[in-house]
Amino acid sequence: MQIEIKVPSPGESITEVMLANWLVEDGSFVEKDSEIVEIDSDKATLTLSAEESGVLKILVQAGETVPVKTVIGTLEVSAEAPKKTVPAEASKKEEKPSKKPEIPQPAEKQEIKISPLAKKLMQEKNIGPDEVVERLRIRRDDVVEALENPAPARTDDSAKKEISRQAEHKKLSPLRQKLSERLVAVKNETAMLTTFNEINMSAVLDLKKRYGTEFKEKYGIGIGFMSLFTKAVTVALKLFPQVNAQLSGDELLSFDYCDIGIAVSAPKGLVVPVIRNAETLSIPEIEIKIKELSAKARENRITIEEMNGGTFTITNGGVFGSLMSTPILNPPQSAILGMHNIVERPIARNGQVVIAPMMYVALSYDHRVIDGRESVGFLVKVKELIEDPAKILFAGEDGNKLLLGI
């Protein structure tokens, strides 16, 4: 009996996919639930597993683009799994041991060991290891034997320096094609501007140093910058709701919740998993969620549902060493926050020049939705919250003022 392997629908708007890679060879026996093929859509990479055990027959080769529901292979479930057999040579015992043991051959990349005496003699006679009997260790006697019976001269082509002029042609994956289309559309269809600021990261670094060990012991994960920025963003979005809005046709769509997208560099390209209702989560909960989604994205296990939606995005180019950049919008969202590398720089503090760990931050926004006042005010509020993290607990207000009732 045969079972057809069909391309499932990765999402409502996706009509075709590309077969990225067959994980097993044609004609191989596969076990039930084992992964057999990877499929690339314009949003994510999916892995299909065998419904039953059987022999695989591939009908569509890797690299081809096919519509959803296409039969790409079959499983012959009536076939039996091949039995593991012991080679006849291994089962037979030699009656008499060989008088002369075989000389072990060196592995392709295994280093040849040369004794000091052999190396000295080889230098005196100007010969190389290739002219000596091939053994894992070259002894003095081997060098003497090679001198008495020299090997014919040969040209080692591998020693010649080669200059490559080849170019590789590789088809773009659906994910990369879709990403390209979206990025061009952003530049052409939005009025994107960027405002910059800088943040003194001393308070956050002190927080990590003082409570990092205790935090990890309790939650099993370290304190990350992204969780603190995510929480600060949710507070700032409540104070500047226009930054948390987007255009929907000729209407302005505003949200009373904060679904924060976290940009992650995955093997197939940039993906943005979303943390739902981040404003309701604590920093430990956000940190754990970020770790979970990031791991799934890098392992190509992220689902389309985990990337859909989002009202605001954060991207951290600092992990790659970026000092400053202009992040591009993630449509249909109206704003994106870019974090960057932390660099110690001289700054003025209380009339004195001091060295402080500084980070440039950038907010790109759609000027059709967000005015300059809101964009600058939002970024300044994020700066204030990160430079004094305790304010996050008081929705951005000064805790001392709240304590005093003023």
# chains A, B, ... in the order shown; residues from 1 in each chain; ligands from 1
>>> select_by_dssp(residues="region 209-288 of chain A", states="strand (DSSP E or B)", output="ChimeraX atom specification")
/A:245-248,251-254,260-262,264-266,269-271,274-275
>>> residues_around(residues="region 286-300 of chain A", least_positions_apart="4", cutoff="12 Å", atoms="only C-alpha atoms", output="VMD selection string")
chain A and resid 20 38 to 41 43 to 47 215 to 216 219 to 232 234 259 to 282 304 to 307 314
>>> write_last_selection(atoms="C-alpha atoms", output="compact mmCIF listing (two decimals), in the first residue's frame")
# COMPACT_ATOMS: atom_id res chain seq x y z
CA ALA A 20 14.45 22.96 0.35
CA GLU A 38 12.21 20.42 4.56
CA ILE A 39 9.86 22.89 2.86
CA ASP A 40 10.50 26.62 2.47
CA SER A 41 7.60 29.06 2.32
CA LYS A 43 7.32 32.96 5.94
CA ALA A 44 9.01 29.93 7.49
CA THR A 45 10.69 26.57 6.98
CA LEU A 46 8.58 23.49 7.73
CA THR A 47 9.66 19.89 8.21
CA PHE A 215 18.33 35.66 38.89
CA LYS A 216 19.85 32.68 37.09
CA TYR A 219 14.81 31.25 36.71
CA GLY A 220 17.51 29.18 35.04
CA ILE A 221 18.42 31.96 32.61
CA GLY A 222 20.56 35.09 32.66
CA ILE A 223 19.39 38.70 32.59
CA GLY A 224 19.40 39.89 28.99
CA PHE A 225 19.26 43.35 27.48
CA MET A 226 16.39 42.42 25.17
CA SER A 227 13.95 41.60 27.98
CA LEU A 228 14.62 44.94 29.69
CA PHE A 229 14.21 46.85 26.44
CA THR A 230 11.03 44.91 25.64
CA LYS A 231 9.50 45.81 28.99
CA ALA A 232 10.60 49.43 28.65
CA THR A 234 5.69 48.34 26.46
CA ASP A 259 2.60 42.37 20.70
CA ILE A 260 6.35 42.84 20.42
CA GLY A 261 8.25 41.25 17.53
CA ILE A 262 11.86 40.24 18.20
CA ALA A 263 14.01 40.11 15.05
CA VAL A 264 16.12 36.93 14.95
CA SER A 265 18.75 35.98 12.38
CA ALA A 266 17.84 32.41 11.38
CA PRO A 267 19.66 30.08 8.93
CA LYS A 268 17.08 30.80 6.20
CA GLY A 269 16.99 34.56 6.77
CA LEU A 270 15.57 37.15 9.16
CA VAL A 271 12.43 36.10 11.03
CA VAL A 272 10.40 38.01 13.62
CA PRO A 273 8.66 35.85 16.26
CA VAL A 274 6.12 37.76 18.34
CA ILE A 275 5.68 37.97 22.13
CA ARG A 276 1.93 38.35 22.70
CA ASN A 277 0.68 40.82 25.31
CA ALA A 278 4.20 41.62 26.42
CA GLU A 279 2.82 44.41 28.62
CA THR A 280 1.33 41.75 30.95
CA LEU A 281 4.56 39.77 31.33
CA SER A 282 7.32 40.21 33.88
CA ILE A 304 3.71 30.91 11.15
CA GLU A 305 1.31 31.49 14.05
CA GLU A 306 4.28 32.53 16.20
CA MET A 307 5.26 35.17 13.63
CA ILE A 314 12.83 45.41 18.26
>>> residues_around(residues="Ser364 (chain A)", least_positions_apart="4", cutoff="8 Å", atoms="only C-alpha atoms", output="number ranges by chain")
A: 192-195, 326-329, 335-338
>>> atom_distance(atom1="CA of Phe378 (chain A)", atom2="CA of Pro332 (chain A)")
19.1 Å
>>> atom_distance(atom1="CA of Leu172 (chain A)", atom2="CA of Val184 (chain A)")
15.8 Å
>>> atom_distance(atom1="CA of Glu384 (chain A)", atom2="CA of Gly318 (chain A)")
19.7 Å
>>> residues_around(residues="Gly128 (chain A)", least_positions_apart="4", cutoff="10 Å", atoms="only C-alpha atoms", output="ChimeraX atom specification")
/A:119,122-123,132,143
>>> residues_around(residues="Val55 (chain A)", least_positions_apart="3", cutoff="8 Å", atoms="only C-alpha atoms", output="ChimeraX atom specification")
/A:27-30,75-77,79
>>> select_by_dssp(residues="region 184-230 of chain A", states="alpha helix (DSSP H)", output="ChimeraX atom specification")
/A:184-189,202-219,225-230
